[in-house]
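Visitor: Structure file data.txt (compact mmCIF, C-alpha atoms) is given on the next line.
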```txt
# COMPACT_ATOMS: atom_id res chain seq x y z
CA MET A 785 60.97 102.36 -26.77
CA SER A 786 63.85 101.43 -24.44
CA PRO A 787 64.75 104.09 -21.84
CA GLY A 788 67.71 106.27 -22.77
CA ILE A 789 70.60 106.47 -20.31
CA ALA A 790 73.04 109.36 -20.20
CA VAL A 791 76.51 109.23 -18.63
CA GLY A 792 78.73 111.95 -17.32
CA PRO A 793 80.93 113.82 -16.99
CA ALA A 794 82.02 113.70 -20.61
CA ALA A 795 85.63 112.83 -19.74
CA ASP A 796 84.48 109.47 -18.36
CA GLU A 797 81.91 108.77 -21.03
CA SER A 798 83.58 105.87 -22.86
CA TRP A 799 83.86 103.30 -20.07
CA MET A 800 80.49 104.18 -18.53
CA GLY A 801 78.83 104.08 -21.93
CA ALA A 802 80.35 100.65 -22.44
CA ALA A 803 78.89 99.53 -19.10
CA VAL A 804 75.45 100.79 -20.10
CA ARG A 805 75.62 98.88 -23.38
CA GLU A 806 76.87 95.74 -21.63
CA ALA A 807 73.72 95.86 -19.50
CA GLY A 808 71.56 96.10 -22.61
CA GLY A 809 70.90 99.83 -22.31
CA THR A 810 70.99 102.58 -24.88
CA GLN A 811 73.14 105.65 -24.30
CA ALA A 812 71.28 108.91 -24.89
CA PRO A 813 71.97 112.65 -24.72
CA LEU A 814 70.99 114.39 -21.50
CA ALA A 815 67.98 116.18 -22.93
CA GLU A 816 66.42 112.88 -23.97
CA ALA A 817 67.63 110.61 -21.17
CA ASP A 818 65.47 108.80 -18.63
CA ALA A 819 68.43 108.02 -16.37
CA LEU A 820 71.89 109.40 -15.60
CA ILE A 821 75.00 107.49 -14.56
CA TRP A 822 77.34 109.94 -12.82
CA TYR A 823 81.05 109.80 -11.98
CA GLY A 824 81.71 113.39 -10.94
CA THR A 825 81.25 115.77 -8.04
CA ALA A 826 78.04 117.18 -6.59
CA SER A 827 78.94 120.71 -7.67
CA ASP A 828 79.39 119.57 -11.27
CA LEU A 829 76.14 117.62 -11.19
CA ALA A 830 73.88 120.59 -10.33
CA PRO A 831 74.02 122.28 -13.76
CA VAL A 832 73.82 118.92 -15.51
CA LEU A 833 70.47 118.15 -13.89
CA LYS A 834 69.02 121.36 -15.28
CA ALA A 835 69.74 120.04 -18.76
CA ALA A 836 68.12 116.68 -17.99
CA PRO A 837 64.40 117.36 -17.38
CA ASN A 838 63.25 113.79 -18.03
CA VAL A 839 65.77 111.97 -15.86
CA ARG A 840 63.98 109.91 -13.22
CA TRP A 841 66.91 107.85 -11.89
CA ILE A 842 70.43 109.02 -11.01
CA GLN A 843 73.26 106.66 -10.08
CA LEU A 844 75.94 108.28 -7.91
CA PRO A 845 79.56 107.07 -7.68
CA ALA A 846 79.97 107.52 -3.91
CA ALA A 847 78.70 105.44 -1.01
CA GLY A 848 78.41 108.56 1.17
CA VAL A 849 76.00 111.11 -0.29
CA GLU A 850 76.22 114.05 2.13
CA ASP A 851 77.49 116.35 -0.65
CA TYR A 852 74.57 115.45 -2.93
CA LEU A 853 71.69 115.81 -0.46
CA ALA A 854 70.91 119.40 -1.39
CA LEU A 855 70.24 118.25 -4.96
CA MET A 856 67.65 115.74 -3.76
CA ASP A 857 65.21 118.25 -2.29
CA GLY A 858 61.75 117.80 -3.76
CA GLY A 859 60.87 115.94 -6.94
CA ASP A 860 60.27 112.27 -7.44
CA ARG A 861 63.60 111.21 -8.87
CA ILE A 862 65.16 108.01 -7.59
CA TRP A 863 68.76 108.37 -6.41
CA THR A 864 71.06 105.41 -5.88
CA ALA A 865 74.45 105.53 -4.17
CA ALA A 866 77.39 103.18 -4.49
CA LYS A 867 76.48 101.54 -1.18
CA GLY A 868 78.49 98.35 -0.76
CA VAL A 869 80.46 98.84 -3.99
CA TYR A 870 83.73 99.53 -2.19
CA ALA A 871 82.97 97.50 0.94
CA ASN A 872 85.57 94.75 0.55
CA PRO A 873 88.64 96.92 -0.11
CA CYS A 874 87.60 99.39 2.60
CA ALA A 875 87.11 96.59 5.13
CA GLU A 876 90.45 95.09 4.14
CA HIS A 877 92.05 98.50 4.67
CA ALA A 878 90.44 98.88 8.10
CA LEU A 879 91.80 95.48 9.11
CA GLY A 880 95.24 96.45 7.87
CA LEU A 881 95.19 99.71 9.83
CA ALA A 882 94.14 97.85 12.97
CA ILE A 883 96.93 95.29 12.75
CA ALA A 884 99.50 97.93 11.81
CA GLY A 885 98.44 100.01 14.79
CA PHE A 886 98.39 97.12 17.24
CA ARG A 887 101.97 96.20 16.22
CA HIS A 888 103.30 99.77 15.82
CA MET A 889 104.28 99.02 12.23
CA ASP A 890 104.23 102.63 11.08
CA ALA A 891 106.33 103.92 13.96
CA GLY A 892 108.68 100.95 13.67
CA ALA A 893 109.16 101.39 9.95
CA ARG A 894 110.00 105.08 10.39
CA SER A 895 112.44 104.51 13.25
CA PRO A 896 116.16 104.63 12.37
CA GLY A 897 116.99 102.29 15.25
CA TRP A 898 116.07 98.81 16.45
CA ARG A 899 112.88 99.05 18.50
CA LYS A 900 110.79 96.52 20.38
CA LEU A 901 107.48 98.02 21.41
CA PRO A 902 104.65 96.34 23.33
CA GLY A 903 101.95 95.13 20.97
CA LYS A 904 98.36 93.97 20.96
CA THR A 905 96.66 91.09 19.17
CA LEU A 906 93.33 90.97 17.41
CA PHE A 907 92.77 87.41 18.57
CA GLY A 908 90.02 87.53 21.16
CA ALA A 909 89.94 91.33 21.11
CA ASN A 910 86.87 93.42 21.88
CA VAL A 911 85.96 95.23 18.66
CA VAL A 912 83.29 97.90 18.22
CA VAL A 913 82.13 98.54 14.64
CA VAL A 914 80.07 101.69 14.16
CA GLY A 915 77.95 101.03 11.11
CA GLY A 916 78.26 97.28 11.52
CA ALA A 917 75.16 96.59 9.44
CA GLY A 918 76.43 98.57 6.43
CA GLY A 919 78.47 97.26 3.54
CA ILE A 920 81.90 98.00 5.02
CA GLY A 921 80.82 96.91 8.48
CA GLN A 922 79.50 93.58 7.24
CA ALA A 923 82.62 92.92 5.17
CA LEU A 924 84.82 93.77 8.16
CA LEU A 925 82.90 91.51 10.52
CA ARG A 926 83.45 88.64 8.08
CA LEU A 927 87.18 89.37 7.97
CA LEU A 928 87.36 89.51 11.76
CA LYS A 929 85.66 86.17 12.33
CA PRO A 930 88.86 84.03 12.14
CA PHE A 931 90.35 86.17 14.92
CA GLY A 932 87.63 85.14 17.33
CA VAL A 933 86.89 88.72 18.32
CA LYS A 934 84.02 89.77 20.52
CA ALA A 935 82.26 92.09 18.10
CA THR A 936 79.79 94.83 18.99
CA SER A 937 77.83 96.54 16.23
CA VAL A 938 76.44 100.04 16.61
CA ARG A 939 73.47 100.64 14.31
CA ARG A 940 70.25 102.65 14.18
CA ARG A 941 67.90 99.67 14.02
CA SER A 942 67.35 97.38 16.96
CA GLU A 943 67.56 94.04 15.18
CA PRO A 944 70.72 91.92 15.57
CA THR A 945 73.64 92.50 13.21
CA PRO A 946 74.89 89.47 11.25
CA GLY A 947 78.40 88.57 12.40
CA ALA A 948 78.25 90.59 15.64
CA ASP A 949 77.97 89.19 19.14
CA ARG A 950 75.78 92.08 20.22
CA THR A 951 74.10 95.09 18.67
CA VAL A 952 73.55 98.42 20.40
CA ALA A 953 71.83 101.67 19.47
CA PRO A 954 73.84 104.87 18.90
CA GLU A 955 72.83 106.24 22.28
CA ASP A 956 74.58 103.23 23.87
CA PHE A 957 77.82 103.74 21.93
CA MET A 958 79.57 105.37 24.88
CA GLY A 959 78.95 102.31 27.01
CA THR A 960 80.83 100.07 24.58
CA LEU A 961 84.09 102.01 24.74
CA GLY A 962 85.43 101.13 28.17
CA ASP A 963 86.49 97.60 27.24
CA ALA A 964 87.06 98.09 23.51
CA ASP A 965 90.48 97.22 22.10
CA LEU A 966 89.52 98.51 18.67
CA VAL A 967 86.84 100.96 17.53
CA VAL A 968 86.17 101.11 13.80
CA LEU A 969 84.09 103.88 12.24
CA ALA A 970 82.26 102.71 9.11
CA ALA A 971 79.08 104.77 9.31
CA PRO A 972 77.73 107.42 6.93
CA LEU A 973 78.13 111.09 7.79
CA THR A 974 74.79 112.49 8.92
CA SER A 975 73.60 115.15 11.34
CA GLU A 976 73.60 112.44 14.01
CA THR A 977 77.06 110.98 13.37
CA GLY A 978 79.08 114.18 12.93
CA ASN A 979 81.67 114.50 15.75
CA MET A 980 80.37 111.31 17.32
CA VAL A 981 83.91 110.69 18.57
CA ALA A 982 85.11 113.66 20.61
CA GLU A 983 86.79 114.22 23.98
CA ALA A 984 84.26 112.30 26.08
CA GLN A 985 84.40 109.22 23.85
CA LEU A 986 88.20 109.28 23.57
CA ARG A 987 88.61 109.58 27.34
CA ALA A 988 86.25 106.61 27.77
CA MET A 989 88.55 104.36 25.72
CA LYS A 990 91.43 102.32 27.14
CA ASN A 991 94.91 103.81 26.90
CA ASP A 992 96.03 101.05 24.53
CA ALA A 993 92.89 100.97 22.36
CA TRP A 994 93.01 102.02 18.71
CA LEU A 995 90.54 104.05 16.70
CA VAL A 996 90.24 103.32 12.97
CA ASN A 997 88.22 105.57 10.66
CA VAL A 998 87.45 104.49 7.08
CA ALA A 999 84.16 106.41 6.85
CA ARG A 1000 84.25 110.22 6.89
CA GLY A 1001 86.68 112.51 8.68
CA ARG A 1002 83.95 114.58 10.27
CA LEU A 1003 82.80 111.65 12.40
CA VAL A 1004 85.76 112.57 14.63
CA LYS A 1005 86.46 115.93 16.27
CA THR A 1006 90.01 116.38 15.05
CA ASP A 1007 91.31 118.75 17.74
CA ASP A 1008 90.15 116.36 20.45
CA LEU A 1009 91.79 113.43 18.68
CA VAL A 1010 95.11 115.28 18.45
CA LYS A 1011 95.00 115.93 22.20
CA ALA A 1012 94.09 112.30 22.91
CA LEU A 1013 97.03 111.05 20.85
CA VAL A 1014 99.54 113.54 22.23
CA GLU A 1015 98.53 112.85 25.82
CA ARG A 1016 98.16 109.10 25.18
CA TRP A 1017 94.54 108.76 26.26
CA ILE A 1018 94.35 106.00 23.62
CA GLY A 1019 96.91 103.78 21.97
CA GLY A 1020 96.58 105.36 18.54
CA ALA A 1021 94.51 106.07 15.47
CA GLY A 1022 94.46 104.69 11.94
CA LEU A 1023 92.88 107.31 9.70
CA ASP A 1024 92.02 106.85 6.07
CA VAL A 1025 89.85 109.98 6.27
CA THR A 1026 90.41 113.23 8.12
CA ASP A 1027 88.82 116.59 8.84
CA PRO A 1028 89.97 118.68 7.07
CA GLU A 1029 90.67 116.66 3.95
CA PRO A 1030 93.17 116.69 2.40
CA LEU A 1031 95.05 117.14 5.65
CA PRO A 1032 97.44 120.14 5.42
CA ALA A 1033 101.13 119.25 5.42
CA GLU A 1034 101.70 121.24 8.62
CA HIS A 1035 98.92 119.50 10.57
CA PRO A 1036 100.11 117.94 13.88
CA LEU A 1037 98.57 114.54 13.08
CA TRP A 1038 101.32 113.91 10.53
CA ARG A 1039 104.01 114.15 13.20
CA LEU A 1040 102.55 111.72 15.75
CA ASP A 1041 104.11 108.27 16.04
CA ASN A 1042 100.79 106.77 17.17
CA CYS A 1043 98.81 107.95 14.15
CA ILE A 1044 98.72 106.26 10.75
CA ILE A 1045 97.25 108.31 7.89
CA THR A 1046 96.54 106.73 4.50
CA SER A 1047 95.10 109.70 2.59
CA HIS A 1048 91.66 108.30 1.64
CA THR A 1049 92.99 105.28 -0.23
CA ALA A 1050 90.91 102.52 1.40
CA ASN A 1051 89.24 102.29 -1.98
CA PRO A 1052 92.34 102.39 -4.23
CA PRO A 1053 91.88 104.66 -7.27
CA ASN A 1054 92.92 101.91 -9.66
CA LEU A 1055 90.08 99.68 -8.40
CA ASP A 1056 87.45 102.41 -8.33
CA GLN A 1057 86.18 102.23 -11.91
CA GLN A 1058 86.32 98.44 -11.97
CA LEU A 1059 84.09 98.17 -8.88
CA TYR A 1060 81.73 100.98 -9.87
CA ARG A 1061 81.29 99.51 -13.34
CA ARG A 1062 79.80 96.33 -11.84
CA ARG A 1063 77.17 98.37 -10.00
CA ILE A 1064 76.36 100.34 -13.16
CA VAL A 1065 75.77 97.13 -15.12
CA GLU A 1066 73.61 95.59 -12.39
CA ASN A 1067 71.46 98.66 -11.80
CA VAL A 1068 70.98 99.44 -15.49
CA ARG A 1069 69.73 95.89 -15.99
CA ARG A 1070 67.34 96.33 -13.09
CA PHE A 1071 66.16 99.70 -14.37
CA LEU A 1072 65.40 98.29 -17.82
CA ARG A 1073 63.45 95.41 -16.28
CA GLY A 1074 61.54 97.57 -13.81
CA GLN A 1075 63.17 95.80 -10.85
CA PRO A 1076 64.17 97.40 -7.51
CA LEU A 1077 67.49 99.21 -7.74
CA ILE A 1078 70.43 98.58 -5.42
CA GLY A 1079 71.56 101.35 -3.07
CA VAL A 1080 68.47 103.59 -3.09
CA VAL A 1081 69.11 106.74 -1.04
CA ASP A 1082 66.75 107.98 1.67
CA PRO A 1083 67.37 111.75 1.65
CA ARG A 1084 65.72 112.16 5.05
CA ALA A 1085 68.09 109.66 6.66
CA GLY A 1086 71.06 111.08 4.76
CA TYR A 1087 72.25 107.82 3.20
```
Can you present the structure in this file as structure tokens?
Guide:
Amino acid sequence: MSPGIAVGPAADESWMGAAVREAGGTQAPLAEADALIWYGTASDLAPVLKAAPNVRWIQLPAAGVEDYLALMDGGDRIWTAAKGVYANPCAEHALGLAIAGFRHMDAGARSPGWRKLPGKTLFGANVVVVGGAGGIGQALLRLLKPFGVKATSVRRRSEPTPGADRTVAPEDFMGTLGDADLVVLAAPLTSETGNMVAEAQLRAMKNDAWLVNVARGRLVKTDDLVKALVERWIGGAGLDVTDPEPLPAEHPLWRLDNCIITSHTANPPNLDQQLYRRRIVENVRRFLRGQPLIGVVDPRAGY
């Protein structure tokens, strides 16, 4: 008998069920399902799992899984994240934030007068990509290639990163900042990466360098970033993610002319289901054939 695959939450059942059927799978109720395709939050998933005793594979809709880790304790279920699903639009967004920051597009667009500000170019720039070996990092390095940048990848493993001129370990991150024109954060949020950019790192950067974050807001210590931007330790920041998130309307980051905030839209909502659907189809096919799944989560590593 073919494995049964449940989908949830119920409000999103139709399009996910269609993806399961496109892959050759059979949709099943939770109590009878062998797998679960999920498109909701971690808090909503907890009670659902209690009603799904036979589920041995769970597909999550997010690339970052920090909110789901508590649900992964114990058991032998396989969890897969949407690693790489949103890589291209997020990398495109990071590139856009970098160029907009280098040319002061946000400040210029908001100015009521004619302004000519000094700008930077990506051509030949020194770029540091934290998480360069991940989906977003790899997509970004491909986009940066025509600019002839000198790319440094920061990653946990010691082997070279495709598309990067050099690869360094996290403990050597600080040493890359002194000559960086652009620092892009594209790493998962773990116990090791939280607040990895704080006062010491920001002071180590050049006063015209830009920081772009398309990963998780908590990779950056927000109070330190505000001080760095106000006192012009760095050129500016392009933030698709913040801590806290959503960012309160009264937060000082909104008022700074060297900070661009895009409200977690690097993966546009109208593209989300389209991209996730492709991963559902591919992984359901693999599950039915007993093949390795894409995006398997290592709960100990946190991603």
Visitor: Have a look at A:Ser786, A:Arg939, A:Arg861, A:Ala1033 and name the one nearest to Ala953 of chain A; count only C-alpha atoms.
Guide: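 Nearest to Ala953 of chain A: A:Arg939.
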Visitor: Measure the distance from atom CA of Gly903 of chain A to atom CA of Leu1003 of chain A in Å and round it to one decimal.
Guide: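 Going from atom CA of Gly903 of chain A over to atom CA of Leu1003 of chain A, I get 26.7 Å.
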Visitor: Taking every listed atom of segment 1024-1028 of chain A and adding 8 Å to each side, what centre and edge lengths in Å (one decimal) does the axis-aligned box have, as AutoDock Vina command-line options?
Guide:
```
--center_x 90.4 --center_y 112.8 --center_z 7.5 --size_x 19.2 --size_y 27.8 --size_z 18.8
```
Visitor: Find the spatial neighbours of Leu906 of chain A, counting all atoms listed in the file, within a cut-off of 12 Å - ignore same-chain residues fewer than 6 positions away - and output them as a ChimeraX atom specification.
Guide: /A:879-887,927-935,964-967,993-994
Visitor: Within 10 Å of Pro787 of chain A, counting all atoms listed in the file, which residues show up once you throw out same-chain ones fewer than 5 positions away? Write them as an mmCIF file with C-alpha atoms, in the frame of the given file, please.
Guide:
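Contents of around21.cif, as written:
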```cif
data_model
loop_
_atom_site.group_PDB
_atom_site.id
_atom_site.type_symbol
_atom_site.label_atom_id
_atom_site.label_comp_id
_atom_site.auth_asym_id
_atom_site.auth_seq_id
_atom_site.Cartn_x
_atom_site.Cartn_y
_atom_site.Cartn_z
ATOM 1 C CA GLY A 809 70.900 99.830 -22.310
ATOM 2 C CA THR A 810 70.990 102.580 -24.880
ATOM 3 C CA GLN A 811 73.140 105.650 -24.300
ATOM 4 C CA ALA A 812 71.280 108.910 -24.890
ATOM 5 C CA GLU A 816 66.420 112.880 -23.970
ATOM 6 C CA ALA A 817 67.630 110.610 -21.170
ATOM 7 C CA ASP A 818 65.470 108.800 -18.630
ATOM 8 C CA ALA A 819 68.430 108.020 -16.370
ATOM 9 C CA VAL A 839 65.770 111.970 -15.860
ATOM 10 C CA PHE A 1071 66.160 99.700 -14.370
ATOM 11 C CA LEU A 1072 65.400 98.290 -17.820
#
```
Visitor: May I ask which of the residues A:Gly1022, A:Gly959, A:Gly1086, A:Pro1052 is the closest one to Ser975 of chain A, counting all atoms listed in the file?
Guide: A:Gly1086
Visitor: At a cut-off of 12 Å, using only C-alpha atoms, what residues contact Pro1076 of chain A? Leave out same-chain residues fewer than 4 positions from it and give the result as a PyMOL selection string.
Guide: chain A and resi 841+862-864+1066-1072+1080
